[in-house]
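For reference, structure06.cif is printed below; it contains mmCIF, C-alpha atoms and all ligand atoms.
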data_target
loop_
_atom_site.label_atom_id
_atom_site.label_comp_id
_atom_site.auth_asym_id
_atom_site.auth_seq_id
_atom_site.Cartn_x
_atom_site.Cartn_y
_atom_site.Cartn_z
CA MET A 1 0.00 0.00 0.00
CA ILE A 2 1.34 3.43 -0.90
CA LEU A 3 0.98 5.79 2.02
CA LYS A 4 -1.07 8.86 1.21
CA PHE A 5 -1.63 11.99 3.25
CA SER A 6 -4.77 14.11 3.05
CA PRO A 7 -4.95 17.85 3.61
CA VAL A 8 -7.06 19.38 6.37
CA LYS A 9 -10.06 21.22 4.93
CA ILE A 10 -9.75 24.98 5.24
CA PRO A 11 -12.96 26.50 6.66
CA ASP A 12 -14.86 28.64 4.12
CA SER A 13 -14.50 31.75 6.28
CA VAL A 14 -10.68 31.60 6.26
CA SER A 15 -8.37 32.52 3.38
CA LYS A 16 -5.56 30.22 2.32
CA GLU A 17 -3.00 32.91 3.22
CA GLU A 18 -4.37 33.17 6.75
CA TRP A 19 -4.60 29.40 7.22
CA PHE A 20 -1.00 28.74 6.24
CA ASN A 21 0.33 31.53 8.44
CA TRP A 22 1.41 30.02 11.77
CA LYS A 23 1.02 33.31 13.59
CA TRP A 24 -2.57 33.52 12.37
CA GLN A 25 -3.12 29.98 13.70
CA LEU A 26 -1.85 30.97 17.15
CA ARG A 27 -3.66 34.33 17.18
CA ASN A 28 -6.93 32.63 16.23
CA SER A 29 -6.62 29.69 18.62
CA LEU A 30 -9.78 28.29 20.18
CA LYS A 31 -9.87 29.13 23.87
CA THR A 32 -13.50 29.29 24.94
CA LYS A 33 -16.62 27.18 24.72
CA GLU A 34 -17.94 29.61 22.10
CA ASP A 35 -14.79 29.14 19.99
CA TYR A 36 -15.13 25.35 20.19
CA LYS A 37 -18.80 25.53 19.27
CA LYS A 38 -17.77 26.98 15.92
CA TYR A 39 -16.03 23.66 15.16
CA PHE A 40 -17.89 21.02 17.18
CA LEU A 41 -21.42 20.12 18.10
CA LEU A 42 -20.97 20.00 21.87
CA SER A 43 -23.16 17.92 24.15
CA GLU A 44 -24.55 19.48 27.34
CA THR A 45 -21.93 17.64 29.43
CA GLU A 46 -19.14 18.77 27.11
CA GLU A 47 -20.31 22.36 27.45
CA LYS A 48 -20.28 22.05 31.24
CA SER A 49 -16.72 20.70 31.19
CA PHE A 50 -15.51 24.09 29.95
CA ILE A 51 -16.67 25.70 33.18
CA ASN A 52 -15.37 23.01 35.48
CA THR A 53 -11.90 22.22 34.20
CA PRO A 54 -9.00 23.54 36.26
CA PHE A 55 -6.65 23.33 33.26
CA ALA A 56 -5.95 25.66 30.36
CA ILE A 57 -7.86 25.09 27.12
CA GLN A 58 -6.55 25.84 23.65
CA SER A 59 -6.36 24.43 20.15
CA THR A 60 -5.13 25.76 16.84
CA PRO A 61 -7.92 26.05 14.23
CA TYR A 62 -5.90 23.55 12.14
CA TYR A 63 -5.98 20.88 14.86
CA ALA A 64 -9.66 21.57 15.68
CA GLN A 65 -10.56 21.13 12.03
CA MET A 66 -8.59 17.85 11.98
CA ALA A 67 -10.34 16.67 15.15
CA TYR A 68 -13.68 17.60 13.62
CA SER A 69 -13.12 15.12 10.80
CA HIS A 70 -11.43 12.55 13.06
CA ASN A 71 -13.52 12.40 16.19
CA THR A 72 -11.03 10.37 18.28
CA LEU A 73 -8.68 13.35 18.45
CA LYS A 74 -11.28 15.44 20.29
CA LYS A 75 -10.17 13.75 23.52
CA ILE A 76 -6.81 15.51 23.20
CA ILE A 77 -8.20 19.05 23.07
CA LEU A 78 -11.66 18.96 24.65
CA PRO A 79 -11.92 19.32 28.43
CA ASP A 80 -13.74 16.54 30.28
CA MET A 81 -15.75 16.56 33.50
CA LYS A 82 -13.52 13.71 34.68
CA GLU A 83 -10.58 16.14 34.91
CA ASN A 84 -12.04 17.22 38.24
CA ARG A 85 -11.89 13.77 39.78
CA LYS A 86 -9.33 13.20 42.48
CA GLY A 87 -7.64 10.33 40.69
CA LEU A 88 -5.55 7.37 41.81
CA GLN A 89 -2.18 9.09 41.81
CA ALA A 90 -3.03 12.62 40.62
CA LEU A 91 0.40 14.18 40.96
CA LYS A 92 0.94 17.90 40.50
CA ASP A 93 4.51 17.28 39.40
CA PRO A 94 4.46 13.61 38.28
CA LEU A 95 8.11 13.46 37.26
CA GLY A 96 9.42 15.24 40.34
CA GLU A 97 10.89 17.90 38.09
CA GLU A 98 10.88 20.55 40.79
CA ASN A 99 13.23 18.41 42.89
CA HIS A 100 15.71 18.48 39.99
CA SER A 101 15.44 22.17 39.24
CA PRO A 102 18.51 24.28 39.99
CA SER A 103 16.45 27.26 38.76
CA LYS A 104 12.77 27.69 37.91
CA HIS A 105 13.32 27.11 34.20
CA LEU A 106 15.89 24.30 34.27
CA ILE A 107 15.50 20.59 34.99
CA HIS A 108 18.74 18.72 35.55
CA ARG A 109 17.77 15.08 36.10
CA TYR A 110 20.45 13.30 34.05
CA PRO A 111 24.13 14.17 34.35
CA ASP A 112 24.85 15.26 30.78
CA ARG A 113 21.66 17.07 29.78
CA VAL A 114 19.24 19.72 30.96
CA VAL A 115 15.69 20.59 29.99
CA PHE A 116 15.37 24.34 29.48
CA LEU A 117 11.79 25.63 29.83
CA ILE A 118 11.86 28.80 27.77
CA THR A 119 8.11 29.48 27.69
CA ASP A 120 4.94 28.16 29.27
CA LEU A 121 2.90 28.82 26.13
CA CYS A 122 1.67 25.97 23.91
CA PRO A 123 -0.22 25.96 20.61
CA ILE A 124 -2.68 23.48 22.15
CA TYR A 125 -3.15 22.38 25.75
CA CYS A 126 -3.20 18.58 25.67
CA ARG A 127 -5.53 17.20 28.29
CA TYR A 128 -2.95 14.58 29.39
CA CYS A 129 -0.07 17.05 29.80
CA THR A 130 2.50 16.10 32.39
CA ARG A 131 3.57 19.68 33.04
CA LYS A 132 0.21 21.20 33.93
CA ARG A 133 1.81 22.79 36.99
CA PHE A 134 3.83 24.98 34.62
CA THR A 135 2.08 25.34 31.26
CA ALA A 136 -0.09 28.44 30.78
CA LYS A 137 0.57 29.62 34.33
CA ASP A 138 2.24 32.96 33.45
CA LYS A 139 1.43 32.83 29.73
CA SER A 140 4.83 34.29 28.99
CA ILE A 141 8.32 33.73 27.66
CA ILE A 142 11.13 33.30 30.18
CA HIS A 143 12.17 36.61 31.77
CA LYS A 144 15.65 37.97 31.08
CA LYS A 145 16.91 37.49 34.64
CA GLU A 146 15.78 33.84 34.76
CA TYR A 147 17.20 33.28 31.29
CA GLU A 148 20.64 34.61 32.21
CA LYS A 149 20.61 32.56 35.41
CA ALA A 150 19.88 29.36 33.45
CA LEU A 151 22.63 30.09 30.88
CA GLU A 152 25.07 30.74 33.71
CA TYR A 153 24.24 27.35 35.26
CA ILE A 154 24.83 25.57 31.94
CA ARG A 155 28.11 27.43 31.50
CA LYS A 156 29.31 26.58 35.00
CA ASN A 157 28.58 22.88 34.62
CA PRO A 158 30.83 21.60 31.83
CA GLY A 159 29.38 18.10 32.21
CA ILE A 160 26.20 19.35 30.52
CA ARG A 161 26.54 18.51 26.84
CA GLU A 162 22.97 18.63 25.69
CA VAL A 163 20.17 21.17 26.09
CA ILE A 164 16.56 20.20 25.45
CA LEU A 165 14.51 23.31 24.76
CA SER A 166 11.03 22.72 26.06
CA GLY A 167 8.16 24.39 27.90
CA GLY A 168 5.42 24.89 26.84
CA ASP A 169 6.41 24.84 23.22
CA PRO A 170 9.64 26.63 22.20
CA LEU A 171 8.39 26.98 18.63
CA THR A 172 5.69 29.42 19.74
CA LEU A 173 8.55 31.93 19.98
CA ALA A 174 9.28 34.25 17.07
CA ASP A 175 12.17 33.22 14.80
CA SER A 176 14.40 36.09 15.96
CA LEU A 177 14.02 35.21 19.63
CA LEU A 178 14.55 31.52 19.05
CA GLU A 179 17.65 32.30 17.00
CA LYS A 180 19.03 34.43 19.84
CA ILE A 181 18.58 31.47 22.23
CA LEU A 182 20.27 29.08 19.78
CA GLN A 183 23.13 31.55 19.36
CA ASP A 184 23.57 31.89 23.12
CA LEU A 185 23.61 28.11 23.58
CA ARG A 186 26.08 27.59 20.76
CA ALA A 187 28.38 30.16 22.41
CA ILE A 188 28.67 27.79 25.41
CA LYS A 189 31.64 25.56 24.71
CA ASN A 190 30.37 22.43 26.48
CA ILE A 191 27.10 22.20 24.49
CA GLU A 192 27.25 19.55 21.79
CA ILE A 193 23.59 18.80 21.07
CA ILE A 194 20.48 20.99 21.03
CA ARG A 195 17.07 19.38 21.00
CA ILE A 196 13.81 21.24 20.54
CA GLY A 197 10.72 19.49 21.89
CA SER A 198 7.66 20.67 19.98
CA ARG A 199 4.07 19.78 19.29
CA MET A 200 4.09 22.16 16.27
CA PRO A 201 4.75 19.51 13.57
CA ALA A 202 1.47 17.84 14.62
CA VAL A 203 -0.70 20.81 15.55
CA CYS A 204 0.63 23.69 13.44
CA PRO A 205 2.87 22.31 10.68
CA MET A 206 2.74 25.64 8.85
CA ARG A 207 5.34 26.74 11.43
CA PHE A 208 8.04 25.10 9.28
CA SER A 209 9.22 27.18 6.33
CA LYS A 210 12.44 27.14 4.35
CA ASP A 211 13.49 30.39 6.07
CA PHE A 212 12.87 28.98 9.52
CA THR A 213 14.65 25.69 8.89
CA ASN A 214 17.57 27.66 7.41
CA ILE A 215 17.88 29.33 10.82
CA LEU A 216 17.82 25.98 12.66
CA LYS A 217 20.50 24.57 10.32
CA LYS A 218 22.96 27.28 11.33
CA TYR A 219 23.12 25.84 14.85
CA HIS A 220 23.57 22.16 14.08
CA PRO A 221 23.43 19.56 15.50
CA VAL A 222 19.80 20.49 16.22
CA PHE A 223 17.18 17.76 16.66
CA ILE A 224 13.41 18.22 16.61
CA MET A 225 11.58 16.03 19.12
CA SER A 226 8.09 15.87 17.64
CA HIS A 227 4.96 14.69 19.42
CA PHE A 228 2.57 12.90 17.09
CA ASN A 229 0.16 10.56 18.85
CA HIS A 230 -2.10 9.30 16.10
CA PRO A 231 -1.81 8.48 12.36
CA ALA A 232 -4.64 10.93 11.60
CA GLU A 233 -2.28 13.72 12.72
CA ILE A 234 -0.01 12.93 9.77
CA THR A 235 -1.81 15.08 7.26
CA LYS A 236 -0.50 16.40 3.97
CA GLU A 237 0.60 19.55 5.82
CA ALA A 238 2.42 17.57 8.53
CA ALA A 239 4.02 15.36 5.85
CA SER A 240 5.32 18.49 4.07
CA ALA A 241 6.79 19.81 7.32
CA LEU A 242 8.54 16.50 8.07
CA THR A 243 9.84 16.25 4.50
CA LEU A 244 11.22 19.78 4.69
CA LEU A 245 12.97 19.02 7.99
CA ALA A 246 14.50 15.84 6.57
CA ASP A 247 15.60 17.60 3.36
CA GLN A 248 17.20 20.32 5.47
CA GLY A 249 19.13 17.71 7.43
CA ILE A 250 17.27 18.27 10.69
CA PRO A 251 16.62 14.88 12.35
CA VAL A 252 13.15 14.36 13.80
CA TYR A 253 12.50 11.91 16.63
CA ASN A 254 8.91 11.30 17.69
CA GLN A 255 7.70 10.78 21.24
CA MET A 256 4.14 9.54 21.51
CA VAL A 257 2.00 9.13 24.61
CA LEU A 258 -0.41 6.22 24.95
CA ILE A 259 -3.89 7.66 25.49
CA ASN A 260 -6.93 5.65 26.46
CA SER A 261 -9.30 4.96 23.57
CA VAL A 262 -7.23 7.20 21.28
CA ASN A 263 -4.16 5.25 20.26
CA ASN A 264 -3.79 2.24 22.61
CA HIS A 265 -3.88 -0.47 19.97
CA PRO A 266 -1.05 -2.03 17.91
CA ALA A 267 -2.94 -1.23 14.68
CA ILE A 268 -2.90 2.49 15.52
CA VAL A 269 0.71 2.56 16.74
CA GLN A 270 1.98 0.72 13.66
CA ALA A 271 0.04 3.07 11.38
CA LEU A 272 1.58 6.11 13.06
CA SER A 273 5.07 4.60 13.15
CA ARG A 274 5.09 3.50 9.50
CA ARG A 275 3.95 6.92 8.32
CA LEU A 276 6.58 8.68 10.41
CA LEU A 277 9.35 6.41 9.19
CA PHE A 278 8.21 6.81 5.58
CA LEU A 279 8.61 10.57 6.08
CA ARG A 280 12.10 10.00 7.59
CA ALA A 281 11.05 10.78 11.18
CA ARG A 282 12.14 8.17 13.71
CA PRO A 283 9.52 6.73 16.10
CA TYR A 284 11.52 7.09 19.32
CA TYR A 285 9.45 6.64 22.49
CA MET A 286 6.00 5.30 23.28
CA PHE A 287 5.37 6.69 26.75
CA GLN A 288 3.04 5.50 29.41
CA CYS A 289 0.84 8.52 30.20
CA ASP A 290 2.13 10.21 33.36
CA PRO A 291 -0.25 10.25 36.34
CA SER A 292 -0.66 14.01 36.38
CA LEU A 293 -3.76 15.71 37.77
CA GLY A 294 -7.02 14.88 36.03
CA THR A 295 -5.64 12.21 33.70
CA ASP A 296 -6.97 8.91 35.05
CA HIS A 297 -9.55 8.63 32.26
CA LEU A 298 -6.78 9.13 29.70
CA ARG A 299 -4.21 6.72 31.12
CA THR A 300 -3.84 3.11 29.98
CA SER A 301 -2.53 0.09 31.84
CA ILE A 302 1.03 -1.18 31.52
CA LYS A 303 -0.52 -4.55 30.62
CA ASN A 304 -2.16 -2.87 27.62
CA SER A 305 1.15 -1.24 26.60
CA LYS A 306 3.02 -4.53 26.82
CA TRP A 307 0.38 -6.14 24.64
CA ILE A 308 0.88 -3.40 22.02
CA GLN A 309 4.64 -3.81 22.18
CA LYS A 310 4.50 -7.61 21.94
CA ASN A 311 2.31 -7.39 18.86
CA LEU A 312 4.60 -4.90 17.11
CA TRP A 313 7.73 -6.92 17.88
CA GLY A 314 9.00 -8.66 14.75
CA VAL A 315 5.97 -7.68 12.69
CA LEU A 316 7.01 -4.07 12.25
CA SER A 317 10.46 -2.98 11.03
CA GLY A 318 12.81 -2.37 13.96
CA LEU A 319 13.30 1.17 12.66
CA ALA A 320 9.61 1.84 13.18
CA VAL A 321 9.16 0.36 16.67
CA PRO A 322 9.21 3.03 19.39
CA ARG A 323 10.75 2.20 22.78
CA LEU A 324 8.11 1.63 25.44
CA ALA A 325 8.97 3.57 28.59
CA VAL A 326 7.55 4.73 31.89
CA ASP A 327 8.84 7.99 33.33
CA LEU A 328 8.99 7.07 36.99
CA PRO A 329 6.63 9.04 39.23
CA GLY A 330 8.67 11.14 41.62
CA GLY A 331 11.62 11.74 39.31
CA GLY A 332 13.52 8.48 38.92
CA GLY A 333 13.87 8.97 35.17
CA LYS A 334 12.77 6.74 32.31
CA VAL A 335 12.50 2.99 32.67
CA GLU A 336 12.30 1.03 29.47
CA ILE A 337 9.98 -1.95 29.26
CA VAL A 338 11.23 -4.64 26.91
CA PRO A 339 9.43 -7.81 25.82
CA ASP A 340 9.86 -10.73 28.24
CA SER A 341 12.02 -12.94 26.04
CA CYS A 342 14.55 -14.57 28.37
CA MET A 343 13.43 -18.03 29.55
CA GLU A 344 16.50 -19.38 31.29
CA ILE A 345 19.95 -18.19 32.34
CA THR A 346 22.84 -20.50 33.25
CA PRO A 347 26.61 -19.75 33.39
CA GLN A 348 26.87 -21.44 29.97
CA PHE A 349 23.90 -19.98 28.08
CA HIS A 350 20.87 -17.69 27.91
CA LYS A 351 17.71 -19.20 26.50
CA PHE A 352 15.27 -16.88 24.67
CA LYS A 353 11.89 -17.04 23.05
CA GLY A 354 11.74 -14.93 19.86
CA TRP A 355 8.85 -12.84 18.52
CA ASP A 356 7.41 -15.81 16.57
CA GLY A 357 7.64 -18.22 19.51
CA LYS A 358 10.84 -19.97 18.41
CA VAL A 359 13.13 -20.87 21.31
CA ALA A 360 16.92 -20.70 21.01
CA ALA A 361 19.93 -20.58 23.30
CA TYR A 362 22.90 -18.21 23.04
CA MET A 363 26.04 -19.96 24.29
CA GLU A 364 28.40 -17.77 26.31
CA PRO A 365 31.98 -17.44 24.96
CA ASN A 366 34.88 -18.48 27.20
CA LYS A 367 36.26 -15.06 27.99
CA ASP A 368 35.40 -11.36 27.61
CA GLY A 369 38.34 -9.24 26.45
CA THR A 370 39.02 -5.49 26.68
CA PRO A 371 39.40 -3.30 23.55
CA SER A 372 43.09 -2.42 23.04
CA ASP A 373 42.35 1.32 22.45
CA ILE A 374 40.29 1.69 25.62
CA ASN A 375 42.61 4.35 27.07
CA VAL A 376 41.77 6.71 24.21
CA TYR A 377 38.16 6.88 25.41
CA LEU A 378 38.37 6.08 29.11
CA GLN A 379 38.86 9.62 30.33
CA GLU A 380 35.85 10.84 28.34
CA TRP A 381 33.74 7.98 29.66
CA GLN A 382 34.78 8.52 33.27
CA ALA A 383 33.97 12.26 33.06
CA LEU A 384 30.52 11.40 31.68
CA SER A 385 29.68 8.60 34.06
CA GLN A 386 30.89 10.37 37.18
CA GLN A 387 28.75 13.47 36.72
CA HIS A 388 26.13 13.82 39.39
CA TYR A 389 23.62 16.54 39.88
CA GLY A 390 24.28 18.02 43.33
CA LYS A 391 28.05 17.63 43.14
CA THR A 392 28.25 20.32 40.47
CA ASN A 393 28.10 24.11 40.94
CA THR A 394 24.80 25.90 41.02
CA ALA A 395 23.95 29.07 39.13
CA SER A 396 23.87 31.04 42.36
CA ASP A 397 27.45 30.06 43.32
S1 LIG A 401 2.12 20.81 23.86
FE1 LIG A 401 3.35 19.59 25.32
S2 LIG A 401 3.70 20.96 27.08
FE2 LIG A 401 1.99 21.81 25.86
S3 LIG A 401 0.14 20.95 26.76
FE3 LIG A 401 0.72 19.57 25.09
S4 LIG A 401 1.97 18.01 26.10
FE4 LIG A 401 1.86 19.74 27.53
#

Could you spell out this file's structure in structure tokens?
Amino acid sequence: MILKFSPVKIPDSVSKEEWFNWKWQLRNSLKTKEDYKKYFLLSETEEKSFINTPFAIQSTPYYAQMAYSHNTLKKIILPDMKENRKGLQALKDPLGEENHSPSKHLIHRYPDRVVFLITDLCPIYCRYCTRKRFTAKDKSIIHKKEYEKALEYIRKNPGIREVILSGGDPLTLADSLLEKILQDLRAIKNIEIIRIGSRMPAVCPMRFSKDFTNILKKYHPVFIMSHFNHPAEITKEAASALTLLADQGIPVYNQMVLINSVNNHPAIVQALSRRLLFLRARPYYMFQCDPSLGTDHLRTSIKNSKWIQKNLWGVLSGLAVPRLAVDLPGGGGKVEIVPDSCMEITPQFHKFKGWDGKVAAYMEPNKDGTPSDINVYLQEWQALSQQHYGKTNTASD
């Protein structure tokens, strides 16, 4: 089957120029019940949920129009009365990010990388968001003082090699401002990799133009961490954005979240993954939904996730299979869940069951040797593996 991508229908009241202007999309975002009623026929309960939800509401017209023709996606942008329920875990800060924050806008959980929250604004407010404690709270871009403080921390900690720009959505910032941030990061000698986490490829693909990607290219290596959750989000417009990014040499890695009754089936995950891979975007993670406030109705069981993973294993190209992971509540970091394949371990062999049920043993060799050029890399490895947050300087030092 040749994969095809359909465009999202432009509403009659909107011109093509407006529709394909990302700033128009953000300026004309749906924020109120009245805005949503222009796109959806809301039930009485759905209307009530707008009054009762404690969380920010927003969607780009593009995503609303997509959700209108693909009803399942409504769950991602429409508030729900169930958001008010107490919930089983209902954590304000499910990943314990505040405990790993040397300053309000930095998260330093792993030794060699930091997450840099440069804005709390998003193009849409996903109902399952893990960072509800932060998103849309100030509705602003990071203030200068906080920004300088964060840069100073990164500078003072040479073990940090990677910065993940996040928020909110960093691509809600104007090109000039984003370029200034990229410039400032590139001026820090220890920074090797810059990642930008963004929902824009899925919810506002018109954000990606040749001019904008030319800016990103200047600061390579820059990776885009996209967030597609469902194959219906891969429209003609999203496909064009991903193709442009690939042509411009900007790698895209996708992180999806498993959402109850939206994408928690191997048929849906494979459809998303195959389309992404076809467009040269790598399916990277398939996350268990974090137990943040008001998300119990959107979360799925680990049993369900393992079932999805087991069914994808071997059937789908290894390039297309995302890694299943749980971000540990409280801040322990990601734990990967792999298929249970090992049946027996002895000093002589490991016995495994493969994806198609075939059983085979791997015999252990007699002796493990050490690479002869190990000393060339040992110092680099020791510096990396001995970094610990807490032993390093803080920005206020
Ligand atoms: S775009 Fe990302 S940060 Fe913003 S609401 Fe959605 S999941 Fe949360």

Could you give me, as a CSV table (one decimal) with C-alpha atoms, in the frame of the given file, every polymer residue with an atom at most 6 Å away from an atom of ligand LIG 401 (chain A), counting all atoms listed in the file?
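Saved result, pocket28.csv, follows:
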chain,number,residue,atom,x,y,z
A,122,CYS,CA,1.7,26.0,23.9
A,124,ILE,CA,-2.7,23.5,22.2
A,125,TYR,CA,-3.2,22.4,25.8
A,126,CYS,CA,-3.2,18.6,25.7
A,129,CYS,CA,-0.1,17.0,29.8
A,131,ARG,CA,3.6,19.7,33.0
A,167,GLY,CA,8.2,24.4,27.9
A,168,GLY,CA,5.4,24.9,26.8
A,169,ASP,CA,6.4,24.8,23.2
A,199,ARG,CA,4.1,19.8,19.3

Report task. Would you please work out which residue, of A:Trp355, A:Phe55, A:Phe212, A:Tyr62, is nearest to Thr295 in chain A when using all atoms listed in the file? Result ->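 Nearest to Thr295 in chain A: A:Phe55.
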
Can I get the residues of range 143-197 of chain A within 12 Å of range 251-273 of chain A, each with the closest pair of atoms and their distance in Å to one decimal, using only C-alpha atoms, sorted chain first then ascending number, as JSON lines?
{"residue": "A:Ile193", "atom": "CA", "partner": "A:Pro251", "partner_atom": "CA", "distance": 11.8}
{"residue": "A:Ile194", "atom": "CA", "partner": "A:Pro251", "partner_atom": "CA", "distance": 11.3}
{"residue": "A:Arg195", "atom": "CA", "partner": "A:Val252", "partner_atom": "CA", "distance": 9.6}
{"residue": "A:Ile196", "atom": "CA", "partner": "A:Val252", "partner_atom": "CA", "distance": 9.7}
{"residue": "A:Gly197", "atom": "CA", "partner": "A:Gln255", "partner_atom": "CA", "distance": 9.2}

Report task. Find the residues near Ala67 in chain A: any atom within 10 Å, counting only C-alpha atoms, skip ones fewer than 3 places away on the same chain, and give them as number ranges by chain. Result -> A: 8, 39-40, 61-64, 70-78, 232-233

Requested in this report: Name the residues in contact with Gln25 in chain A at a cut-off of 9 Å, using all atoms listed in the file, excluding same-chain residues fewer than 2 positions from it; report them as a list in words.
Outcome: Glu18, Trp19, Phe20, Asn21, Trp22, Lys23, Arg27, Asn28, Ser29, Thr60, Pro61, Tyr62, Pro123, Cys204 and Met206 of chain A

Requested in this report: Just give me the gap between CA of Tyr68 in chain A and CA of Tyr285 in chain A in Å, one decimal is fine.
Outcome: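 If I compute the distance from CA of Tyr68 in chain A to CA of Tyr285 in chain A, I get 27.1 Å.
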
Query - Between CA of Leu178 in chain A and CA of Leu117 in chain A, distance in Å (one decimal) - result: 12.6 Å

Query raised in the report: Which one is closest to Arg207 in chain A: A:Glu237, A:Asp184, A:Glu192, A:Asp12? Count only C-alpha atoms.
Result: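 Selected residue with least distance to Arg207 in chain A: A:Glu237.
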
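Distance check against Ser301 in chain A using only C-alpha atoms: of A:Asp368, A:Ala383, A:Cys289, A:Glu83, the minimum falls on A:Cys289.
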
Can you rebuild range 68-86 of chain A with N, CA and C atoms and give it as a tab-separated table (two decimals), in the coordinates of the input?
chain	number	residue	atom	x	y	z
A	68	TYR	N	-12.28	17.61	14.07
A	68	TYR	CA	-13.68	17.60	13.62
A	68	TYR	C	-13.91	16.42	12.65
A	69	SER	N	-12.93	16.21	11.76
A	69	SER	CA	-13.12	15.12	10.80
A	69	SER	C	-12.61	13.78	11.33
A	70	HIS	N	-11.89	13.81	12.45
A	70	HIS	CA	-11.43	12.55	13.06
A	70	HIS	C	-11.73	12.61	14.56
A	71	ASN	N	-12.94	12.19	14.88
A	71	ASN	CA	-13.52	12.40	16.19
A	71	ASN	C	-12.64	11.97	17.38
A	72	THR	N	-11.86	10.91	17.19
A	72	THR	CA	-11.03	10.37	18.28
A	72	THR	C	-10.11	11.45	18.87
A	73	LEU	N	-9.65	12.35	18.01
A	73	LEU	CA	-8.68	13.35	18.45
A	73	LEU	C	-9.29	14.41	19.37
A	74	LYS	N	-10.62	14.46	19.40
A	74	LYS	CA	-11.28	15.44	20.29
A	74	LYS	C	-10.83	15.28	21.74
A	75	LYS	N	-10.56	14.03	22.12
A	75	LYS	CA	-10.17	13.75	23.52
A	75	LYS	C	-8.89	14.50	23.91
A	76	ILE	N	-8.09	14.84	22.92
A	76	ILE	CA	-6.81	15.51	23.20
A	76	ILE	C	-7.01	17.00	23.50
A	77	ILE	N	-8.05	17.59	22.91
A	77	ILE	CA	-8.20	19.05	23.07
A	77	ILE	C	-9.46	19.49	23.81
A	78	LEU	N	-10.42	18.57	23.96
A	78	LEU	CA	-11.66	18.96	24.65
A	78	LEU	C	-11.58	18.65	26.14
A	79	PRO	N	-11.90	19.64	27.00
A	79	PRO	CA	-11.92	19.32	28.43
A	79	PRO	C	-12.98	18.26	28.73
A	80	ASP	N	-12.84	17.63	29.89
A	80	ASP	CA	-13.74	16.54	30.28
A	80	ASP	C	-14.09	16.72	31.76
A	81	MET	N	-15.33	16.44	32.09
A	81	MET	CA	-15.75	16.56	33.50
A	81	MET	C	-14.86	15.71	34.41
A	82	LYS	N	-14.33	14.62	33.86
A	82	LYS	CA	-13.52	13.71	34.68
A	82	LYS	C	-12.20	14.35	35.11
A	83	GLU	N	-11.84	15.47	34.51
A	83	GLU	CA	-10.58	16.14	34.91
A	83	GLU	C	-10.65	16.63	36.35
A	84	ASN	N	-11.87	16.75	36.86
A	84	ASN	CA	-12.04	17.22	38.24
A	84	ASN	C	-11.93	16.13	39.28
A	85	ARG	N	-11.93	14.87	38.81
A	85	ARG	CA	-11.89	13.77	39.78
A	85	ARG	C	-10.54	13.72	40.48
A	86	LYS	N	-10.56	13.20	41.69
A	86	LYS	CA	-9.33	13.20	42.48
A	86	LYS	C	-8.24	12.35	41.83
